[in-house]
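Enquirer: The following file, my_file-v5.cif, comprises mmCIF, C-alpha atoms and all ligand atoms:
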```cif
data_protein
#
loop_
_atom_site.label_atom_id
_atom_site.label_comp_id
_atom_site.auth_asym_id
_atom_site.auth_seq_id
_atom_site.Cartn_x
_atom_site.Cartn_y
_atom_site.Cartn_z
CA MET A 1 33.90 19.48 28.56
CA GLU A 2 35.44 22.75 27.42
CA PRO A 3 36.35 24.25 30.84
CA ALA A 4 37.91 20.96 32.02
CA ALA A 5 39.92 20.67 28.80
CA ALA A 6 41.12 24.28 29.13
CA VAL A 7 42.23 23.75 32.74
CA GLU A 8 44.07 20.56 31.75
CA LEU A 9 45.86 22.30 28.84
CA PHE A 10 46.91 25.22 31.00
CA ASN A 11 48.10 22.99 33.83
CA ARG A 12 50.05 20.63 31.55
CA ALA A 13 51.89 23.46 29.75
CA PRO A 14 54.55 23.95 32.50
CA ASP A 15 55.70 20.33 31.87
CA GLN A 16 57.07 21.69 28.57
CA SER A 17 58.49 24.81 30.28
CA VAL A 18 55.65 26.94 28.90
CA LYS A 19 53.07 29.08 30.67
CA PHE A 20 50.02 30.54 28.95
CA SER A 21 50.03 33.84 30.79
CA VAL A 22 47.35 35.47 28.65
CA TYR A 23 44.34 33.99 26.98
CA THR A 24 41.81 35.52 24.64
CA GLY A 25 38.26 34.30 24.46
CA ASP A 26 34.65 35.26 24.17
CA ASP A 27 33.18 36.94 27.20
CA ASP A 28 31.37 34.26 29.08
CA SER A 29 32.62 33.13 32.42
CA THR A 30 32.26 29.36 31.84
CA THR A 31 35.90 28.88 30.95
CA GLU A 32 37.35 31.89 32.70
CA ALA A 33 36.13 30.94 36.19
CA PRO A 34 37.61 27.39 36.24
CA ILE A 35 40.90 28.74 34.82
CA ARG A 36 41.13 31.31 37.62
CA GLU A 37 40.22 28.69 40.19
CA LYS A 38 42.17 25.63 39.10
CA VAL A 39 45.19 26.75 37.09
CA THR A 40 48.26 26.84 39.29
CA TYR A 41 49.69 30.08 37.90
CA GLU A 42 48.45 33.57 37.10
CA VAL A 43 46.51 33.89 33.84
CA GLU A 44 45.32 37.15 32.37
CA LYS A 45 42.12 37.23 30.32
CA ASN A 46 41.66 39.43 27.26
CA SER A 47 38.44 39.99 25.39
CA ASP A 48 38.15 38.88 21.81
CA ILE A 49 37.54 42.05 19.83
CA ILE A 50 35.54 40.17 17.20
CA HIS A 51 33.16 38.70 19.78
CA MET A 52 32.93 42.14 21.35
CA LYS A 53 31.88 43.76 18.07
CA ARG A 54 29.38 41.00 17.49
CA SER A 55 27.79 41.51 20.91
CA LEU A 56 27.65 45.30 20.37
CA THR A 57 25.91 44.75 17.03
CA THR A 58 23.40 42.41 18.69
CA SER A 59 22.69 44.92 21.48
CA LEU A 60 22.07 47.72 18.98
CA TYR A 61 19.92 45.51 16.79
CA ASN A 62 17.83 44.38 19.78
CA LEU A 63 17.38 48.01 20.79
CA SER A 64 16.15 48.87 17.30
CA GLN A 65 13.67 45.97 17.39
CA ASN A 66 12.37 46.26 20.94
CA GLU A 67 11.99 50.02 21.42
CA LYS A 68 10.01 52.69 19.63
CA PHE A 69 11.78 56.00 19.07
CA ASP A 70 9.24 58.65 18.18
CA ASN A 71 10.68 61.98 16.98
CA CYS A 72 14.17 60.46 16.90
CA SER A 73 16.58 59.59 14.09
CA PRO A 74 16.03 56.14 12.60
CA LEU A 75 18.20 53.36 14.09
CA SER A 76 18.49 51.52 10.79
CA GLN A 77 20.85 48.66 9.92
CA LYS A 78 23.07 51.23 8.16
CA VAL A 79 23.26 53.39 11.27
CA ILE A 80 24.00 50.33 13.42
CA ASN A 81 26.82 49.31 11.07
CA TYR A 82 28.18 52.84 11.26
CA LEU A 83 28.11 52.87 15.08
CA VAL A 84 29.98 49.56 15.21
CA LYS A 85 32.47 50.92 12.67
CA CYS A 86 33.11 53.91 14.96
CA PHE A 87 33.71 51.43 17.79
CA SER A 88 36.24 49.54 15.62
CA TYR A 89 38.06 52.74 14.66
CA VAL A 90 38.41 54.17 18.14
CA THR A 91 39.52 50.87 19.66
CA ALA A 92 42.07 50.29 16.87
CA GLN A 93 43.45 53.82 17.19
CA ASN A 94 43.91 53.44 20.94
CA LYS A 95 45.34 49.92 20.94
CA GLY A 96 47.11 49.18 24.22
CA ASP A 97 45.71 52.28 25.94
CA SER A 98 42.70 51.31 28.04
CA LYS A 99 42.09 54.88 29.27
CA GLY A 100 42.19 56.15 25.67
CA ILE A 101 39.79 53.42 24.57
CA GLN A 102 37.47 54.25 27.42
CA ALA A 103 37.38 57.97 26.60
CA ALA A 104 37.00 57.38 22.87
CA ILE A 105 34.10 54.91 23.26
CA LYS A 106 32.36 57.41 25.54
CA SER A 107 32.65 60.10 22.84
CA ILE A 108 31.04 58.05 20.03
CA VAL A 109 27.39 58.79 20.85
CA PRO A 110 27.91 62.52 21.65
CA HIS A 111 29.87 62.84 18.36
CA ASP A 112 26.97 61.40 16.39
CA PHE A 113 24.53 63.71 18.19
CA GLY A 114 26.63 66.79 17.34
CA ASP A 115 28.59 67.27 20.56
CA HIS A 116 32.27 67.11 19.60
CA SER A 117 33.72 68.52 22.84
CA SER A 118 35.21 65.18 23.87
CA CYS A 119 36.16 63.90 20.38
CA GLU A 120 39.72 63.01 19.43
CA THR A 121 41.03 64.83 16.36
CA GLY A 122 42.37 61.50 15.06
CA TRP A 123 39.01 60.20 13.95
CA CYS A 124 36.63 63.18 14.26
CA LYS A 125 36.98 65.62 11.39
CA PHE A 126 34.62 68.20 12.90
CA LYS A 127 37.37 70.12 14.65
CA SER A 128 39.38 70.70 11.50
CA ASN A 129 36.32 71.97 9.62
CA PRO A 130 33.51 73.00 12.01
CA GLY A 131 31.70 75.16 9.45
CA THR A 132 31.18 72.57 6.75
CA TYR A 133 31.45 69.28 8.63
CA LYS A 134 28.97 66.57 7.65
CA HIS A 135 28.72 63.01 8.93
CA LYS A 136 29.78 60.84 6.03
CA GLU A 137 27.72 57.82 6.91
CA LEU A 138 24.69 59.17 8.75
CA PRO A 139 21.49 59.88 6.76
CA TYR A 140 21.84 63.20 4.88
CA GLY A 141 25.11 63.83 6.74
CA LYS A 142 23.12 65.23 9.65
CA ASP A 143 23.60 64.84 13.41
CA MET A 144 21.44 62.20 15.02
CA HIS A 145 18.64 63.54 17.21
CA GLY A 146 16.13 62.49 19.87
CA LYS A 147 16.69 62.41 23.65
CA LYS A 148 15.38 58.89 24.18
CA LEU A 149 17.57 57.40 21.45
CA GLU A 150 20.61 59.25 22.75
CA LEU A 151 19.99 57.99 26.28
CA GLU A 152 19.54 54.36 25.19
CA LEU A 153 22.63 54.45 22.95
CA ASN A 154 24.67 55.99 25.75
CA ASN A 155 23.52 53.20 28.06
CA ILE A 156 24.78 50.58 25.62
CA PHE A 157 28.13 52.26 24.91
CA ASN A 158 28.67 52.92 28.63
CA ASP A 159 28.63 49.15 29.17
CA TYR A 160 31.58 48.89 26.80
CA SER A 161 33.56 51.69 28.41
CA THR A 162 33.72 50.49 32.02
CA ASP A 163 37.20 50.05 33.54
CA ALA A 164 36.90 46.27 33.47
CA VAL A 165 35.79 46.02 29.84
CA ALA A 166 38.32 48.61 28.59
CA GLU A 167 41.20 46.78 30.34
CA LYS A 168 40.31 43.49 28.67
CA LEU A 169 39.71 45.16 25.33
CA ALA A 170 42.89 47.25 25.19
CA PRO A 171 45.32 44.62 23.80
CA LEU A 172 42.88 44.18 20.88
CA THR A 173 43.51 40.48 20.65
CA ASN A 174 41.34 38.05 18.77
CA SER A 175 41.23 34.38 18.11
CA PRO A 176 40.41 33.84 14.40
CA ARG A 177 43.06 31.12 14.05
CA ASN A 178 41.52 29.16 16.89
CA GLU A 179 38.07 29.66 15.44
CA ALA A 180 39.34 28.46 12.04
CA LEU A 181 40.90 25.32 13.55
CA ASN A 182 37.70 24.77 15.50
CA SER A 183 35.61 24.84 12.35
CA VAL A 184 37.97 22.50 10.45
CA ILE A 185 37.83 19.97 13.29
CA GLY A 186 34.07 20.55 13.54
CA SER A 187 33.67 19.59 9.88
CA LYS A 188 35.12 16.14 10.64
CA ASN A 189 33.69 15.76 14.12
CA GLN A 190 30.20 17.22 14.01
CA LYS A 191 28.73 18.15 17.36
CA ILE A 192 25.42 16.67 16.35
CA THR A 193 26.91 13.15 16.63
CA PHE A 194 28.51 11.96 19.86
CA TYR A 195 31.96 10.96 18.64
CA GLY A 196 33.43 11.56 22.11
CA GLY A 197 32.58 7.97 22.97
CA SER A 198 34.05 6.58 19.77
CA GLU A 199 37.64 5.72 18.99
CA SER A 200 37.29 7.61 15.73
CA ASN A 201 37.20 10.82 17.78
CA ASP A 202 41.00 10.98 18.08
CA PHE A 203 41.45 10.40 14.35
CA ARG A 204 38.87 13.02 13.49
CA VAL A 205 40.60 15.64 15.63
CA ALA A 206 44.01 14.56 14.28
CA CYS A 207 42.76 14.95 10.68
CA GLY A 208 41.53 18.46 11.50
CA VAL A 209 44.92 19.40 12.96
CA ALA A 210 46.76 17.83 10.00
CA GLN A 211 44.58 19.63 7.48
CA THR A 212 45.15 22.97 9.25
CA ASN A 213 48.93 22.45 9.29
CA LEU A 214 49.43 20.82 5.88
CA ARG A 215 46.27 21.88 4.01
CA TYR A 216 44.74 19.12 1.94
CA THR A 217 48.14 17.59 1.17
CA TYR A 218 47.81 15.67 4.42
CA ILE A 219 45.63 13.21 2.50
CA SER A 220 48.16 12.61 -0.28
CA THR A 221 50.98 12.30 2.30
CA LYS A 222 49.04 9.41 3.74
CA SER A 223 48.42 7.75 0.37
CA ARG A 224 52.08 8.06 -0.63
CA THR A 225 53.12 5.79 2.22
CA ASN A 226 55.48 2.93 1.37
CA LYS A 227 53.69 0.55 3.69
CA ASN A 228 51.61 -2.18 2.20
CA VAL A 229 48.08 -0.80 2.30
CA VAL A 230 45.28 -3.33 2.56
CA THR A 231 41.65 -2.33 2.14
CA VAL A 232 39.44 -4.25 4.56
CA LEU A 233 35.66 -4.21 4.74
CA LEU A 234 34.98 -4.72 8.43
CA GLY A 235 31.58 -5.62 9.84
CA HIS A 236 30.14 -7.08 12.99
CA ASN A 237 29.28 -10.72 12.36
CA SER A 238 29.92 -10.01 8.69
CA LEU A 239 31.66 -13.27 7.79
CA THR A 240 28.55 -15.31 8.60
CA PHE A 241 25.91 -12.79 7.59
CA ASP A 242 26.62 -9.55 5.67
CA ILE A 243 29.26 -10.78 3.27
CA PRO A 244 27.48 -13.98 2.17
CA VAL A 245 24.27 -11.95 1.66
CA LEU A 246 26.16 -9.28 -0.27
CA LEU A 247 27.99 -11.71 -2.52
CA ARG A 248 24.99 -13.96 -3.06
CA ASN A 249 22.91 -11.03 -4.29
CA SER A 250 25.48 -9.16 -6.34
CA GLU A 251 26.27 -9.36 -10.03
CA SER A 252 29.51 -10.91 -11.20
CA ALA A 253 30.78 -7.48 -12.34
CA PHE A 254 30.59 -6.28 -8.75
CA LYS A 255 32.56 -9.30 -7.51
CA GLU A 256 35.18 -8.74 -10.20
CA ARG A 257 35.55 -5.11 -9.19
CA LEU A 258 36.04 -6.11 -5.56
CA GLN A 259 38.76 -8.51 -6.64
CA ALA A 260 40.39 -5.92 -8.87
CA MET A 261 40.47 -3.49 -5.93
CA ASP A 262 42.02 -6.20 -3.78
CA VAL A 263 39.40 -5.82 -1.07
CA PHE A 264 39.52 -8.07 1.99
CA PHE A 265 36.72 -8.89 4.39
CA ALA A 266 36.97 -9.09 8.14
CA ASP A 267 34.65 -9.78 11.03
CA CYS A 268 34.99 -7.59 14.10
CA LEU A 269 33.07 -10.15 16.15
CA LYS A 270 36.14 -12.37 15.74
CA LEU A 271 38.38 -9.49 16.66
CA PHE A 272 36.29 -8.80 19.72
CA LYS A 273 36.44 -12.43 20.83
CA THR A 274 40.22 -12.40 20.51
CA LEU A 275 40.46 -9.21 22.52
CA VAL A 276 38.23 -10.66 25.23
CA ARG A 277 40.41 -13.78 25.37
CA GLU A 278 43.51 -11.72 25.75
CA ASN A 279 41.66 -9.86 28.42
CA LYS A 280 43.89 -6.82 28.80
CA THR A 281 43.43 -5.19 25.40
CA VAL A 282 39.64 -4.82 25.47
CA VAL A 283 39.94 -1.93 27.90
CA GLU A 284 42.80 -0.42 25.99
CA ASN A 285 40.88 -0.64 22.75
CA SER A 286 37.51 0.59 23.93
CA GLY A 287 38.34 4.20 24.74
CA VAL A 288 36.90 3.74 28.22
CA VAL A 289 36.34 6.57 30.63
CA SER A 290 37.44 6.08 34.25
CA ALA A 291 34.79 5.90 36.97
CA SER A 292 36.31 8.90 38.75
CA HIS A 293 36.19 10.93 35.55
CA ALA A 294 32.57 9.92 34.97
CA ALA A 295 31.75 10.62 38.63
CA GLU A 296 33.32 14.09 38.36
CA ASP A 297 31.11 14.80 35.38
CA VAL A 298 28.05 13.70 37.31
CA ILE A 299 28.93 15.91 40.28
CA TYR A 300 29.45 18.87 37.94
CA LEU A 301 26.12 18.27 36.18
CA ASP A 302 24.22 17.74 39.45
CA ARG A 303 25.61 20.92 40.95
CA ARG A 304 24.81 22.83 37.78
CA HIS A 305 21.26 21.46 37.86
CA ILE A 306 20.74 22.66 41.45
CA LEU A 307 22.09 26.13 40.62
CA MET A 308 19.92 26.27 37.50
CA GLN A 309 16.81 25.82 39.65
CA THR A 310 17.59 29.14 41.38
CA PHE A 311 16.99 30.96 38.09
CA LYS A 312 13.53 29.45 37.66
CA GLY A 313 10.90 32.17 37.75
CA ASN A 314 13.68 34.74 38.12
CA LEU A 315 15.83 35.49 35.11
CA HIS A 316 15.16 32.31 33.17
CA HIS A 317 12.81 33.60 30.53
CA PRO A 318 12.96 33.34 26.74
CA GLN A 319 13.10 37.12 26.51
CA TYR A 320 15.94 37.70 28.97
CA LEU A 321 18.08 34.66 29.52
CA LYS A 322 17.73 31.51 27.50
CA LYS A 323 18.43 28.03 28.78
CA ASN A 324 21.94 27.79 27.36
CA MET A 325 22.99 31.02 29.11
CA ILE A 326 21.51 29.76 32.41
CA GLU A 327 23.50 26.56 31.90
CA LYS A 328 26.68 28.54 31.36
CA ILE A 329 26.18 30.77 34.39
CA SER A 330 25.26 27.82 36.62
CA GLY A 331 28.10 25.77 35.15
CA SER A 332 30.55 28.39 36.33
CA GLY A 333 29.22 27.94 39.88
CA LEU A 334 26.96 30.95 40.21
CA ALA A 335 23.39 30.94 41.55
CA PHE A 336 20.76 33.62 41.01
CA GLN A 337 21.35 34.85 44.58
CA ASP A 338 25.06 35.42 43.80
CA LEU A 339 24.14 37.68 40.89
CA GLN A 340 21.58 39.45 43.10
CA ARG A 341 24.22 40.05 45.79
CA VAL A 342 26.69 41.44 43.25
CA TYR A 343 23.99 43.68 41.79
CA GLY A 344 23.03 44.88 45.29
CA ARG A 345 26.60 45.87 46.15
CA PHE A 346 28.10 46.98 42.85
CA GLY A 347 25.14 47.57 40.55
CA LYS A 348 25.06 46.87 36.85
CA GLU A 349 28.80 47.40 36.42
CA GLY A 350 29.50 44.73 39.03
CA LEU A 351 27.32 42.28 37.14
CA ILE A 352 29.10 43.07 33.88
CA ALA A 353 32.50 42.62 35.49
CA THR A 354 31.42 39.29 37.03
CA LEU A 355 29.90 37.87 33.89
CA SER A 356 32.20 39.84 31.57
CA GLN A 357 29.28 39.79 29.24
CA PRO A 358 28.19 43.22 28.12
CA PRO A 359 24.50 42.90 27.34
ZN ZN A 401 33.28 64.49 16.82
#
```
Rewrite the coordinates I just gave you, this time as structure tokens.
Ligand SMILES: [Zn+2]
Expert:
Amino acid sequence: MEPAAAVELFNRAPDQSVKFSVYTGDDDSTTEAPIREKVTYEVEKNSDIIHMKRSLTTSLYNLSQNEKFDNCSPLSQKVINYLVKCFSYVTAQNKGDSKGIQAAIKSIVPHDFGDHSSCETGWCKFKSNPGTYKHKELPYGKDMHGKKLELELNNIFNDYSTDAVAEKLAPLTNSPRNEALNSVIGSKNQKITFYGGSESNDFRVACGVAQTNLRYTYISTKSRTNKNVVTVLLGHNSLTFDIPVLLRNSESAFKERLQAMDVFFADCLKLFKTLVRENKTVVENSGVVSASHAAEDVIYLDRRHILMQTFKGNLHHPQYLKKNMIEKISGSGLAFQDLQRVYGRFGKEGLIATLSQPP
């Protein structure tokens, strides 16, 4: 499980005289909460700017789909792209300065609606040319208009300019290299198949790491080995069943090709019997999971299940929170009542800071 793996990695690092004092990730609390709770040293969390931009785009798109804005400027895909671009500019220009980021994000919507009083001269060209200024990327270069649209857009951008979000955003870190490694490993270890219980899992991950480090040459490095390589066709019970059937029904050309390729046959039933006889190696060779490990998993899943029930009939609804989000929130140890309490005391900002998930 991802949070358990993260905690283990962070806790094992000091053995090599290393501490991961900062980590960058997407803004869900599933991994962050266990790291805060179980890692033995202080870890600072930064937001991944790419995930942040993606979530802003989603929020704006949802707004354009779910609301009607009569007598307002259109909130088209082009306008959404432009708003996200403004967000990218102002965050990049204020890298490392959370207060600057906060102020600049707050000025995006007023700027687009023609109020430049809080704009920075760095990115807003109005101040240098007030008479002839036109928005380059808004329809007809005109200011946006419409009270309702302005209010809704301000609501969204305010979520990204709270103290908590600006702090985490300021270092402008991202994790594309991790994402790239993740997708290379994912191509060899698809989530759709449960390789976690198979010995091939380690090799699949190792291949992904090797390919990332050495590119595709990792394959030729392997084939250039000086060791005597033997190709073996391994099957369960194959010596008494599969192989005789295969050979009996194949043409002589096929048999000749097998011989030319120097292919050997082996029966893993025999191997298994040997391992059982030797007793100790079966466990070592089966990739077994300890009972305590399995029990820990069960406790985690049971607790998550109980917490998930608290969201039933509350927030769990296809339109608001889907099942996988409920799983994540419950998995981090929060019940619906916890969120309610936070909302009661600190309002929407408190919820955002707790979940670190701007809507
Ligand atoms: Zn401006």
Enquirer: Quick one: residues within 7 Å of stretch 308-317 of chain A, only C-alpha atoms counted, chain neighbours fewer than 5 positions away excluded, as a PDB file with C-alpha atoms, keeping the file's coordinate frame?
Expert:
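Final output, saved to part.pdb:
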```
ATOM      1  CA  LYS A 322      17.730  31.510  27.500  1.00  0.00           C
ATOM      2  CA  LYS A 323      18.430  28.030  28.780  1.00  0.00           C
ATOM      3  CA  ILE A 326      21.510  29.760  32.410  1.00  0.00           C
ATOM      4  CA  GLU A 327      23.500  26.560  31.900  1.00  0.00           C
ATOM      5  CA  SER A 330      25.260  27.820  36.620  1.00  0.00           C
ATOM      6  CA  ALA A 335      23.390  30.940  41.550  1.00  0.00           C
ATOM      7  CA  PHE A 336      20.760  33.620  41.010  1.00  0.00           C
TER       8      PHE A 336
END
```
Enquirer: Using atom CA of A:Ala353 and atom CA of A:Asp159 as the two end points, give the distance in Å to one decimal.
Expert: 9.9 Å
Enquirer: Each residue of chain A with at least one atom at most 12 Å from ligand ZN 401 (chain A) should appear once, together with its nearest atom pair and the corresponding distance in Å (one decimal); atoms considered: all atoms listed in the file; ordering: chain, then increasing residue number; output as CSV.
Expert:
```
residue,atom,partner,partner_atom,distance
A:Cys86,CA,A:ZN401,ZN,10.7
A:Val90,CA,A:ZN401,ZN,11.6
A:Ala104,CA,A:ZN401,ZN,10.0
A:Ile105,CA,A:ZN401,ZN,11.6
A:Lys106,CA,A:ZN401,ZN,11.3
A:Ser107,CA,A:ZN401,ZN,7.5
A:Ile108,CA,A:ZN401,ZN,7.5
A:Val109,CA,A:ZN401,ZN,9.1
A:Pro110,CA,A:ZN401,ZN,7.5
A:His111,CA,A:ZN401,ZN,4.1
A:Asp112,CA,A:ZN401,ZN,7.0
A:Phe113,CA,A:ZN401,ZN,8.9
A:Gly114,CA,A:ZN401,ZN,7.1
A:Asp115,CA,A:ZN401,ZN,6.6
A:His116,CA,A:ZN401,ZN,4.0
A:Ser117,CA,A:ZN401,ZN,7.3
A:Ser118,CA,A:ZN401,ZN,7.3
A:Cys119,CA,A:ZN401,ZN,4.6
A:Glu120,CA,A:ZN401,ZN,7.1
A:Thr121,CA,A:ZN401,ZN,7.8
A:Gly122,CA,A:ZN401,ZN,9.7
A:Trp123,CA,A:ZN401,ZN,7.7
A:Cys124,CA,A:ZN401,ZN,4.4
A:Lys125,CA,A:ZN401,ZN,6.7
A:Phe126,CA,A:ZN401,ZN,5.6
A:Lys127,CA,A:ZN401,ZN,7.3
A:Ser128,CA,A:ZN401,ZN,10.2
A:Asn129,CA,A:ZN401,ZN,10.8
A:Pro130,CA,A:ZN401,ZN,9.8
A:Tyr133,CA,A:ZN401,ZN,9.7
A:Lys134,CA,A:ZN401,ZN,10.3
A:His135,CA,A:ZN401,ZN,9.2
A:Lys136,CA,A:ZN401,ZN,11.9
A:Asp143,CA,A:ZN401,ZN,10.3
```
Enquirer: Hey, what's within 10 Å of A:Gly25 if we count all atoms listed in the file and toss same-chain stuff fewer than 5 positions away? As a PyMOL selection string, please?
Expert: chain A and resi 31-32+45-52+173-175+178
Enquirer: Hey, which of A:Leu355, A:Leu334, A:Leu321, A:Leu233 ends up closest to A:Ile306? Count all atoms listed in the file.
Expert: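 Checking each of A:Leu355, A:Leu334, A:Leu321, A:Leu233 against A:Ile306, counting all atoms listed in the file, the winner is A:Leu334.
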Enquirer: Record the distance separating atom CA of A:Gly333 and atom CA of A:Pro3, expressed in Å with one decimal.
Expert: 12.1 Å
Enquirer: Could you name the residues that touch stretch 5-15 of chain A at 12 Å or less, counting only C-alpha atoms, but leaving out those on the same chain fewer than 4 positions away, as a PDB file with C-alpha atoms, in the frame of the given file?
Expert:
```pdb
ATOM      1  CA  MET A   1      33.900  19.480  28.560  1.00  0.00           C
ATOM      2  CA  LYS A  19      53.070  29.080  30.670  1.00  0.00           C
ATOM      3  CA  PHE A  20      50.020  30.540  28.950  1.00  0.00           C
ATOM      4  CA  SER A  21      50.030  33.840  30.790  1.00  0.00           C
ATOM      5  CA  VAL A  22      47.350  35.470  28.650  1.00  0.00           C
ATOM      6  CA  TYR A  23      44.340  33.990  26.980  1.00  0.00           C
ATOM      7  CA  GLY A  25      38.260  34.300  24.460  1.00  0.00           C
ATOM      8  CA  THR A  30      32.260  29.360  31.840  1.00  0.00           C
ATOM      9  CA  THR A  31      35.900  28.880  30.950  1.00  0.00           C
ATOM     10  CA  GLU A  32      37.350  31.890  32.700  1.00  0.00           C
ATOM     11  CA  ALA A  33      36.130  30.940  36.190  1.00  0.00           C
ATOM     12  CA  PRO A  34      37.610  27.390  36.240  1.00  0.00           C
ATOM     13  CA  ILE A  35      40.900  28.740  34.820  1.00  0.00           C
ATOM     14  CA  ARG A  36      41.130  31.310  37.620  1.00  0.00           C
ATOM     15  CA  GLU A  37      40.220  28.690  40.190  1.00  0.00           C
ATOM     16  CA  LYS A  38      42.170  25.630  39.100  1.00  0.00           C
ATOM     17  CA  VAL A  39      45.190  26.750  37.090  1.00  0.00           C
ATOM     18  CA  THR A  40      48.260  26.840  39.290  1.00  0.00           C
ATOM     19  CA  TYR A  41      49.690  30.080  37.900  1.00  0.00           C
ATOM     20  CA  GLU A  42      48.450  33.570  37.100  1.00  0.00           C
ATOM     21  CA  VAL A  43      46.510  33.890  33.840  1.00  0.00           C
TER      22      VAL A  43
END
```
Enquirer: I need the residue nearest A:Met261 from this list: A:Thr231, A:Ser98, A:Ser55, A:Asn324. Use all atoms listed in the file for the distance.
Expert: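 Under the stated criterion, the closest residue is A:Thr231.
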Enquirer: Could you tell me how far atom CA of A:Asp267 sits from atom CA of A:Val232, in Å to one decimal place?
Expert: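 According to the coordinates, atom CA of A:Val232 and atom CA of A:Asp267 are separated by 9.8 Å.
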Enquirer: Env of A:Gly146: 10 Å cut, atoms = all atoms listed in the file, seq-sep filter 5 positions within chain, self excluded. Answer as a list in words.
Expert: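 Skipping anything fewer than 5 positions along the chain leaves Phe69, Asp70, Asn71, Cys72, Ser73, Pro74, Phe113 and Leu151 of chain A.
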Enquirer: Ranking A:Ala103, A:Ala206, A:Ile243, A:Val230 by minimum distance to A:Asp163 and counting all atoms listed in the file, which one comes first?
Expert: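 Ranked by minimum distance to A:Asp163, first place goes to A:Ala103.
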Enquirer: Around stretch 316-325 of chain A, fit a box with edges along x, y and z, padding it by 3 Å on each side, then list its centre and edge lengths in Å to one decimal as lines of an AutoDock Vina configuration file.
Expert:
```
center_x = 17.9
center_y = 32.7
center_z = 29.8
size_x = 16.2
size_y = 15.9
size_z = 12.7
```
Enquirer: Keeping just C-alpha atoms, export stretch 177-203 of chain A of this structure as an mmCIF file, in the first residue's frame.
Expert:
```
data_model
loop_
_atom_site.group_PDB
_atom_site.id
_atom_site.type_symbol
_atom_site.label_atom_id
_atom_site.label_comp_id
_atom_site.auth_asym_id
_atom_site.auth_seq_id
_atom_site.Cartn_x
_atom_site.Cartn_y
_atom_site.Cartn_z
ATOM 1 C CA ARG A 177 10.621 12.384 -12.806
ATOM 2 C CA ASN A 178 8.743 10.304 -10.260
ATOM 3 C CA GLU A 179 5.688 10.258 -12.476
ATOM 4 C CA ALA A 180 7.859 9.153 -15.420
ATOM 5 C CA LEU A 181 9.427 6.322 -13.402
ATOM 6 C CA ASN A 182 5.974 5.370 -12.184
ATOM 7 C CA SER A 183 4.671 5.042 -15.722
ATOM 8 C CA VAL A 184 7.697 3.008 -16.893
ATOM 9 C CA ILE A 185 7.244 0.570 -14.001
ATOM 10 C CA GLY A 186 3.487 0.606 -14.642
ATOM 11 C CA SER A 187 4.078 -0.508 -18.229
ATOM 12 C CA LYS A 188 5.755 -3.688 -16.949
ATOM 13 C CA ASN A 189 3.631 -4.160 -13.851
ATOM 14 C CA GLN A 190 0.091 -3.233 -14.835
ATOM 15 C CA LYS A 191 -2.214 -2.416 -11.969
ATOM 16 C CA ILE A 192 -4.976 -4.394 -13.599
ATOM 17 C CA THR A 193 -3.138 -7.649 -12.771
ATOM 18 C CA PHE A 194 -2.180 -8.489 -9.191
ATOM 19 C CA TYR A 195 1.558 -9.016 -9.543
ATOM 20 C CA GLY A 196 2.098 -8.102 -5.880
ATOM 21 C CA GLY A 197 1.560 -11.750 -5.000
ATOM 22 C CA SER A 198 3.903 -13.017 -7.693
ATOM 23 C CA GLU A 199 7.659 -13.366 -7.604
ATOM 24 C CA SER A 200 7.820 -11.654 -10.967
ATOM 25 C CA ASN A 201 6.833 -8.424 -9.196
ATOM 26 C CA ASP A 202 10.405 -7.708 -8.069
ATOM 27 C CA PHE A 203 11.774 -8.330 -11.557
#
```
